[in-house]
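Note: the block below is final23.csv and it holds CSV, C-alpha atoms and all ligand atoms.
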chain,number,residue,atom,x,y,z
A,1,MET,CA,-9.5,-15.5,0.0
A,2,LYS,CA,-13.1,-14.8,1.1
A,3,GLU,CA,-14.4,-16.9,-1.8
A,4,ASN,CA,-13.0,-20.0,-0.1
A,5,GLN,CA,-14.8,-19.6,3.1
A,6,THR,CA,-17.8,-21.8,2.8
A,7,PRO,CA,-20.0,-22.7,5.8
A,8,SER,CA,-19.1,-26.4,5.7
A,9,LYS,CA,-15.3,-26.1,5.6
A,10,PRO,CA,-13.6,-29.5,5.4
A,11,LYS,CA,-11.3,-30.4,8.3
A,12,SER,CA,-8.3,-31.1,6.1
A,13,PRO,CA,-7.4,-28.6,3.4
A,14,PRO,CA,-8.4,-29.6,-0.1
A,15,GLN,CA,-5.6,-30.8,-2.3
A,16,ASN,CA,-4.0,-28.9,-5.0
A,17,PRO,CA,-5.1,-30.5,-8.3
A,18,ASP,CA,-1.8,-29.8,-10.0
A,19,PHE,CA,0.4,-31.1,-7.2
A,20,PRO,CA,-1.6,-33.6,-5.1
A,21,ASN,CA,1.1,-33.8,-2.4
A,22,LEU,CA,0.7,-30.1,-1.6
A,23,PRO,CA,-2.3,-28.6,0.2
A,24,ASN,CA,-4.5,-26.0,-1.5
A,25,LEU,CA,-2.4,-22.9,-1.6
A,26,ASN,CA,-5.2,-20.4,-1.7
A,27,ASN,CA,-5.3,-19.7,2.0
A,28,ASP,CA,-1.6,-19.5,2.5
A,29,TRP,CA,0.3,-16.3,3.0
A,30,ILE,CA,2.9,-15.3,0.3
A,31,ASP,CA,6.5,-14.2,1.0
A,32,ALA,CA,6.9,-11.2,-1.3
A,33,HIS,CA,10.6,-11.8,-1.9
A,34,CYS,CA,13.1,-14.6,-1.2
A,35,HIS,CA,15.8,-16.6,-2.8
A,36,LEU,CA,15.0,-20.3,-2.3
A,37,ALA,CA,17.3,-21.2,-5.2
A,38,ASP,CA,20.3,-19.6,-3.4
A,39,PRO,CA,23.1,-22.2,-3.1
A,40,LYS,CA,23.6,-21.1,0.6
A,41,TYR,CA,20.7,-23.6,1.3
A,42,THR,CA,21.6,-27.2,0.9
A,43,GLU,CA,19.0,-29.5,-0.6
A,44,THR,CA,18.3,-31.1,2.8
A,45,ASP,CA,18.1,-27.7,4.6
A,46,LEU,CA,15.7,-26.5,1.9
A,47,GLU,CA,13.3,-29.4,2.5
A,48,THR,CA,13.1,-28.5,6.3
A,49,ILE,CA,12.9,-24.8,5.6
A,50,ILE,CA,9.9,-25.3,3.2
A,51,GLN,CA,8.2,-27.5,5.8
A,52,ARG,CA,8.7,-24.9,8.5
A,53,SER,CA,7.4,-22.2,6.2
A,54,GLN,CA,4.3,-24.3,5.3
A,55,LYS,CA,3.7,-24.9,9.0
A,56,ALA,CA,3.8,-21.2,9.6
A,57,ARG,CA,1.1,-20.8,6.8
A,58,VAL,CA,3.6,-19.2,4.5
A,59,GLY,CA,3.0,-21.5,1.5
A,60,ARG,CA,4.0,-19.5,-1.6
A,61,TRP,CA,7.3,-17.7,-2.3
A,62,ILE,CA,8.0,-15.0,-4.9
A,63,GLN,CA,11.6,-15.4,-6.0
A,64,GLY,CA,14.2,-12.7,-6.7
A,65,GLY,CA,16.2,-13.5,-9.9
A,66,ILE,CA,20.0,-13.0,-9.9
A,67,CYS,CA,21.4,-14.4,-13.2
A,68,PRO,CA,20.7,-17.1,-15.8
A,69,GLU,CA,22.0,-20.0,-13.6
A,70,ASP,CA,19.7,-18.8,-10.8
A,71,TRP,CA,16.7,-18.8,-13.2
A,72,ASP,CA,17.5,-22.5,-14.0
A,73,ARG,CA,17.6,-23.3,-10.3
A,74,GLN,CA,14.2,-21.6,-9.8
A,75,LEU,CA,12.7,-23.8,-12.5
A,76,ILE,CA,14.1,-26.9,-10.9
A,77,LEU,CA,12.5,-25.9,-7.6
A,78,GLN,CA,9.2,-25.2,-9.4
A,79,LYS,CA,9.2,-28.7,-10.9
A,80,LYS,CA,9.5,-30.0,-7.3
A,81,TYR,CA,7.2,-27.6,-5.4
A,82,GLY,CA,4.8,-26.5,-8.2
A,83,ARG,CA,3.0,-23.2,-8.3
A,84,SER,CA,4.1,-22.3,-4.8
A,85,ILE,CA,7.4,-21.2,-6.4
A,86,ILE,CA,6.7,-18.0,-8.2
A,87,THR,CA,9.5,-17.4,-10.7
A,88,CYS,CA,11.2,-14.1,-11.3
A,89,PHE,CA,14.0,-13.7,-13.8
A,90,GLY,CA,16.3,-10.7,-13.9
A,91,LEU,CA,19.9,-9.5,-13.5
A,92,HIS,CA,20.6,-8.5,-9.9
A,93,PRO,CA,22.5,-5.1,-9.7
A,94,TRP,CA,25.3,-6.9,-7.7
A,95,TRP,CA,25.7,-9.5,-10.4
A,96,VAL,CA,25.9,-6.7,-13.0
A,97,ALA,CA,28.3,-4.5,-10.9
A,98,GLU,CA,30.6,-7.4,-10.3
A,99,ARG,CA,31.0,-7.7,-14.0
A,100,GLN,CA,32.2,-4.2,-14.7
A,101,GLY,CA,35.7,-3.6,-15.9
A,102,SER,CA,36.6,-5.9,-18.8
A,103,GLN,CA,35.2,-6.0,-22.3
A,104,GLN,CA,34.5,-9.7,-21.8
A,105,ALA,CA,32.5,-9.0,-18.7
A,106,ARG,CA,30.4,-6.5,-20.6
A,107,GLY,CA,29.8,-9.1,-23.2
A,108,GLU,CA,28.6,-11.5,-20.5
A,109,ILE,CA,26.0,-8.9,-19.4
A,110,GLU,CA,24.8,-8.3,-22.9
A,111,GLU,CA,24.5,-12.1,-23.5
A,112,ALA,CA,22.5,-12.5,-20.3
A,113,LEU,CA,20.2,-9.6,-21.4
A,114,LYS,CA,19.6,-11.4,-24.7
A,115,THR,CA,18.8,-14.6,-22.8
A,116,LEU,CA,16.4,-12.7,-20.5
A,117,GLU,CA,14.6,-11.4,-23.6
A,118,THR,CA,14.0,-14.9,-24.9
A,119,ARG,CA,13.2,-16.5,-21.6
A,120,ILE,CA,11.2,-13.9,-19.8
A,121,SER,CA,7.9,-15.6,-20.9
A,122,GLU,CA,8.9,-18.5,-18.5
A,123,ALA,CA,8.8,-16.2,-15.5
A,124,CYS,CA,6.0,-14.5,-13.6
A,125,ALA,CA,7.9,-11.2,-13.1
A,126,LEU,CA,11.1,-9.5,-14.0
A,127,GLY,CA,13.7,-8.8,-11.3
A,128,GLU,CA,15.4,-8.1,-9.3
A,129,LEU,CA,16.6,-5.2,-11.3
A,130,GLY,CA,17.7,-1.7,-10.2
A,131,LEU,CA,20.6,0.2,-8.9
A,132,ASP,CA,22.8,-0.3,-5.8
A,133,PHE,CA,25.3,2.5,-5.1
A,134,HIS,CA,26.6,1.1,-1.8
A,135,PRO,CA,30.2,2.3,-1.3
A,136,ARG,CA,31.5,-0.9,-2.7
A,137,PHE,CA,29.8,-0.2,-6.0
A,138,GLN,CA,30.7,3.5,-6.2
A,139,ASN,CA,33.1,3.7,-9.0
A,140,PRO,CA,31.7,5.3,-12.1
A,141,ASN,CA,32.2,2.2,-14.3
A,142,SER,CA,30.1,0.2,-11.9
A,143,GLN,CA,27.3,2.8,-11.8
A,144,GLU,CA,27.3,3.2,-15.6
A,145,ILE,CA,27.0,-0.6,-16.3
A,146,GLN,CA,24.2,-0.9,-13.7
A,147,ARG,CA,22.3,2.0,-15.3
A,148,PHE,CA,22.7,0.2,-18.7
A,149,ALA,CA,21.4,-3.1,-17.4
A,150,PHE,CA,18.6,-1.4,-15.5
A,151,GLU,CA,17.2,0.4,-18.5
A,152,ARG,CA,17.5,-2.6,-20.8
A,153,GLN,CA,15.6,-4.7,-18.3
A,154,LEU,CA,12.9,-2.0,-18.0
A,155,GLU,CA,12.5,-2.2,-21.7
A,156,ILE,CA,12.2,-6.0,-21.7
A,157,ALA,CA,9.6,-5.9,-18.9
A,158,LYS,CA,7.5,-3.4,-20.7
A,159,ASN,CA,7.6,-5.2,-24.0
A,160,ASN,CA,6.5,-8.4,-22.2
A,161,GLN,CA,4.0,-6.7,-19.7
A,162,LYS,CA,5.8,-8.2,-16.7
A,163,PRO,CA,5.6,-6.8,-13.1
A,164,LEU,CA,8.9,-5.5,-11.7
A,165,VAL,CA,10.8,-6.5,-8.6
A,166,LEU,CA,13.1,-3.5,-8.0
A,167,HIS,CA,16.2,-3.5,-5.9
A,168,ILE,CA,17.3,0.1,-5.1
A,169,VAL,CA,19.9,0.9,-2.5
A,170,ARG,CA,21.4,4.4,-1.9
A,171,ALA,CA,20.3,5.4,-5.4
A,172,HIS,CA,16.7,6.5,-5.1
A,173,ALA,CA,17.2,9.8,-6.9
A,174,GLU,CA,19.0,8.2,-9.8
A,175,ALA,CA,16.5,5.2,-10.0
A,176,LEU,CA,13.4,7.5,-9.8
A,177,GLU,CA,14.8,9.6,-12.7
A,178,ILE,CA,15.2,6.4,-14.9
A,179,LEU,CA,11.8,5.0,-13.8
A,180,LYS,CA,10.1,8.3,-14.6
A,181,LYS,CA,11.7,8.3,-18.0
A,182,TRP,CA,10.3,4.8,-18.8
A,183,SER,CA,6.9,5.3,-17.1
A,184,PRO,CA,4.0,4.3,-17.1
A,185,TYR,CA,4.0,0.8,-15.6
A,186,PRO,CA,0.7,-0.8,-16.2
A,187,SER,CA,2.0,-4.1,-14.9
A,188,SER,CA,3.3,-2.4,-11.7
A,189,GLY,CA,5.6,-4.1,-9.3
A,190,ILE,CA,7.3,-3.9,-5.9
A,191,ILE,CA,10.2,-1.9,-4.3
A,192,HIS,CA,11.9,-4.8,-2.5
A,193,SER,CA,13.3,-4.3,1.1
A,194,PHE,CA,12.4,-0.6,1.2
A,195,SER,CA,13.8,1.3,4.1
A,196,GLY,CA,13.6,5.0,2.9
A,197,SER,CA,11.4,7.9,3.9
A,198,LEU,CA,7.7,8.6,3.3
A,199,GLU,CA,8.6,11.2,0.7
A,200,ILE,CA,10.6,8.7,-1.3
A,201,ALA,CA,7.9,6.0,-0.9
A,202,LYS,CA,5.3,8.4,-2.2
A,203,GLU,CA,7.3,8.9,-5.4
A,204,TYR,CA,7.3,5.1,-6.0
A,205,LEU,CA,3.5,5.0,-5.2
A,206,GLU,CA,2.9,7.7,-7.8
A,207,LEU,CA,4.6,5.5,-10.4
A,208,GLY,CA,2.2,2.7,-9.4
A,209,PHE,CA,4.6,0.5,-7.4
A,210,SER,CA,4.0,-1.1,-4.0
A,211,ILE,CA,6.4,-1.0,-1.0
A,212,SER,CA,7.8,-4.3,0.2
A,213,ILE,CA,8.9,-4.3,3.9
A,214,GLY,CA,11.4,-6.8,5.2
A,215,GLY,CA,13.5,-7.6,8.3
A,216,SER,CA,14.7,-3.9,8.7
A,217,ILE,CA,11.5,-3.2,10.6
A,218,THR,CA,12.6,-5.6,13.3
A,219,LYS,CA,15.9,-3.8,13.9
A,220,GLN,CA,17.1,-0.8,15.9
A,221,GLY,CA,17.2,2.4,13.9
A,222,PHE,CA,15.3,2.6,10.5
A,223,GLN,CA,13.3,5.5,12.0
A,224,LYS,CA,12.3,6.9,8.6
A,225,LEU,CA,10.7,3.6,7.6
A,226,LYS,CA,9.0,3.1,11.0
A,227,LYS,CA,7.5,6.6,10.7
A,228,ALA,CA,6.5,6.1,7.1
A,229,ILE,CA,4.7,2.9,7.6
A,230,ASN,CA,1.7,4.5,9.3
A,231,TYR,CA,1.0,6.7,6.3
A,232,LEU,CA,1.3,4.2,3.5
A,233,PRO,CA,-2.0,2.9,2.1
A,234,GLN,CA,-2.6,-0.7,3.1
A,235,ASP,CA,-3.2,-1.8,-0.5
A,236,LYS,CA,0.3,-0.7,-1.3
A,237,ILE,CA,2.2,-2.6,1.4
A,238,VAL,CA,3.6,-6.1,1.0
A,239,ILE,CA,5.8,-8.2,3.4
A,240,GLU,CA,9.0,-10.1,2.5
A,241,THR,CA,11.8,-12.0,4.1
A,242,ASP,CA,14.6,-11.8,1.4
A,243,SER,CA,15.7,-15.2,2.7
A,244,PRO,CA,18.4,-16.4,3.1
A,245,ASP,CA,19.7,-12.8,3.6
A,246,GLN,CA,18.6,-10.1,6.0
A,247,THR,CA,17.9,-12.3,9.0
A,248,PRO,CA,15.4,-10.3,11.2
A,249,GLU,CA,15.9,-9.5,14.9
A,250,LEU,CA,13.3,-11.8,16.4
A,251,ALA,CA,13.2,-13.4,19.8
A,252,ASP,CA,13.3,-17.0,18.4
A,253,VAL,CA,15.9,-16.3,15.6
A,254,ARG,CA,19.7,-16.4,16.1
A,255,SER,CA,21.4,-13.5,14.3
A,256,ASP,CA,24.0,-15.9,12.7
A,257,GLN,CA,21.2,-18.1,11.3
A,258,LEU,CA,20.2,-18.0,7.6
A,259,ASN,CA,17.0,-16.2,7.1
A,260,GLU,CA,14.0,-18.3,6.0
A,261,PRO,CA,10.4,-17.6,4.9
A,262,ALA,CA,8.8,-18.8,8.2
A,263,ASN,CA,10.1,-15.6,9.6
A,264,LEU,CA,7.6,-13.7,7.5
A,265,VAL,CA,5.2,-14.0,10.4
A,266,GLY,CA,7.6,-12.4,12.9
A,267,ILE,CA,8.3,-9.5,10.4
A,268,ALA,CA,4.5,-9.0,10.0
A,269,MET,CA,4.2,-8.8,13.8
A,270,SER,CA,6.8,-6.0,13.9
A,271,VAL,CA,5.0,-4.2,11.1
A,272,ALA,CA,1.7,-4.6,13.1
A,273,GLN,CA,3.4,-3.0,16.2
A,274,TRP,CA,4.4,0.1,14.2
A,275,CYS,CA,1.0,0.6,12.7
A,276,GLN,CA,-1.2,-0.6,15.5
A,277,SER,CA,-2.7,-3.3,13.5
A,278,ASP,CA,-3.2,-7.1,13.6
A,279,TYR,CA,-0.4,-9.1,12.0
A,280,LYS,CA,-2.8,-11.6,10.4
A,281,GLU,CA,-4.6,-8.7,8.9
A,282,ILE,CA,-1.3,-7.3,7.6
A,283,LEU,CA,-0.4,-10.7,6.0
A,284,ASN,CA,-3.9,-11.2,4.6
A,285,THR,CA,-3.7,-7.8,2.9
A,286,SER,CA,-0.1,-8.3,1.7
A,287,THR,CA,-1.1,-11.6,0.2
A,288,ASP,CA,-4.1,-10.1,-1.6
A,289,ASN,CA,-1.9,-7.3,-2.9
A,290,LEU,CA,0.7,-9.7,-4.2
A,291,LYS,CA,-2.0,-11.8,-5.9
A,292,ARG,CA,-3.2,-8.7,-7.7
A,293,ILE,CA,0.2,-7.4,-8.6
A,294,PHE,CA,1.7,-10.7,-9.8
A,295,GLY,CA,-1.5,-12.1,-11.2
A,296,ILE,CA,-1.2,-15.3,-9.2
A,301,ZN,ZN,16.7,-10.3,-3.2
Would you write out, as structure tokens, the structure that this file holds?
Ligand SMILES: [Zn+2]
Amino acid sequence: MKENQTPSKPKSPPQNPDFPNLPNLNNDWIDAHCHLADPKYTETDLETIIQRSQKARVGRWIQGGICPEDWDRQLILQKKYGRSIITCFGLHPWWVAERQGSQQARGEIEEALKTLETRISEACALGELGLDFHPRFQNPNSQEIQRFAFERQLEIAKNNQKPLVLHIVRAHAEALEILKKWSPYPSSGIIHSFSGSLEIAKEYLELGFSISIGGSITKQGFQKLKKAINYLPQDKIVIETDSPDQTPELADVRSDQLNEPANLVGIAMSVAQWCQSDYKEILNTSTDNLKRIFGI
């Protein structure tokens, strides 16, 4: 961002040459992970949510991909909002887990993986992919199909040199084993919505990944994360909202409200409290890190 700070700074921001109705995006903060294509947002809501986000200086949004329909919706948003929508195509572990059981469902996953292989060049990154062993996904069939889709996606990402957006819940040991098997990761990536311990974080750092911190930091509990945050290198931390999910506990946000990218600032303020830093500094560094990781 420093390269844009000239002594004679114009009063209004310069326009983006590709999308003249949007301001220059270079000085805006980036939400490391959100789902603006989620059908929970109506079209009118989304317009207001985007405006609120831009007003809060959060002007670029890295998406988390769910399934082929979601990738199409991301591209529609990108046509409207330009490069501020950073596309990410992948098969979410929930989408995969919900398809275990029948032969037909397995066929649907294999079909989606083939589509991912041919369409990944349209996306900036691959994800979200990974493992989720929450009790509702604990039957062996669900875990087996998740492992299969995870490994296939790692292969596709590596063949196409794409950064990864990893979703790992209650499955760090299993995911790390698979990630180590497929290492190295020259295109790196992020561990989205991380809430584990410093020891686990270090294992991901060793593989070259960065740790993405979301709304958990604003909530009661999550002591391991709150302790870990002080020891993580600044150039390995990024900040996300995971909107519309994981609404943070912030003074001006109702708990029944859908989460939105403007809340990134409140999340960064919580992070700043736990590591005695300045929230703007945290967001500036996170944005620089994301530009580097995603090549944006
Ligand atoms: Zn997500």
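Residues lying within 6 Å of (17.7, -6.5, -11.1). Counted over all atoms listed in the file, they are A:Gly90, A:Leu91, A:His92, A:Pro93, A:Gly127, A:Glu128, A:Leu129, A:Gly130.
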Problem set entry | Residues near range 160-174 of chain A, cut-off 6 Å, only C-alpha atoms, skip fewer than 3 positions along chain, as a list in words |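 With the cut-off at 6 Å, the set is Ala125, Leu126, Gly127, Glu128, Leu129, Gly130, Leu131, Asp132, Phe133, Ala157, Glu177, Ser187, Ser188, Gly189, Ile190, Ile191 and His192 of chain A.
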Taking C-alpha atoms for each residue, export the selection above as a PDB file, in the frame of the given file.
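Now in again-v9.pdb:
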ATOM      1  CA  ALA A 125       7.900 -11.200 -13.100  1.00  0.00           C
ATOM      2  CA  LEU A 126      11.100  -9.500 -14.000  1.00  0.00           C
ATOM      3  CA  GLY A 127      13.700  -8.800 -11.300  1.00  0.00           C
ATOM      4  CA  GLU A 128      15.400  -8.100  -9.300  1.00  0.00           C
ATOM      5  CA  LEU A 129      16.600  -5.200 -11.300  1.00  0.00           C
ATOM      6  CA  GLY A 130      17.700  -1.700 -10.200  1.00  0.00           C
ATOM      7  CA  LEU A 131      20.600   0.200  -8.900  1.00  0.00           C
ATOM      8  CA  ASP A 132      22.800  -0.300  -5.800  1.00  0.00           C
ATOM      9  CA  PHE A 133      25.300   2.500  -5.100  1.00  0.00           C
ATOM     10  CA  ALA A 157       9.600  -5.900 -18.900  1.00  0.00           C
ATOM     11  CA  GLU A 177      14.800   9.600 -12.700  1.00  0.00           C
ATOM     12  CA  SER A 187       2.000  -4.100 -14.900  1.00  0.00           C
ATOM     13  CA  SER A 188       3.300  -2.400 -11.700  1.00  0.00           C
ATOM     14  CA  GLY A 189       5.600  -4.100  -9.300  1.00  0.00           C
ATOM     15  CA  ILE A 190       7.300  -3.900  -5.900  1.00  0.00           C
ATOM     16  CA  ILE A 191      10.200  -1.900  -4.300  1.00  0.00           C
ATOM     17  CA  HIS A 192      11.900  -4.800  -2.500  1.00  0.00           C
TER      18      HIS A 192
END
*Separation of CA of Val265 in chain A from CA of Lys80 in chain A, in Å and rounded to one decimal*: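 Between these atoms lies a distance of 24.2 Å.
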Point to revise | Distance in Å - CA of Asn159 in chain A versus CA of Gln74 in chain A | key: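 Interatomic distance here is 22.7 Å.
Our summary of the geometry notes that CA of Asp256 in chain A is positioned 24.0 Å from CA of Gly65 in chain A.
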task = Within 6 Å of ligand ZN 301 (chain A), which residues show up when you count all atoms listed in the file? List them as a PyMOL selection string, please.
result = chain A and resi 34+64+242
Shortest contact to Asp45 in chain A, candidates A:Cys67, A:Leu258, A:Val253, A:Val96, atoms counted all atoms listed in the file, goes to A:Leu258
**Report entry** range 246-251 of chain A environment, 10 Å, all atoms listed in the file, sequence neighbours closer than 3 positions dropped, as a ChimeraX atom specification
**Finding:** /A:193,214-220,241-243,254-260,263-264,266-267,269-270
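Considering the residues A:Val58, A:Cys275, A:Ser195, A:Ser286 and counting all atoms listed in the file, Lys236 in chain A has its shortest atom-to-atom contact with A:Ser286.
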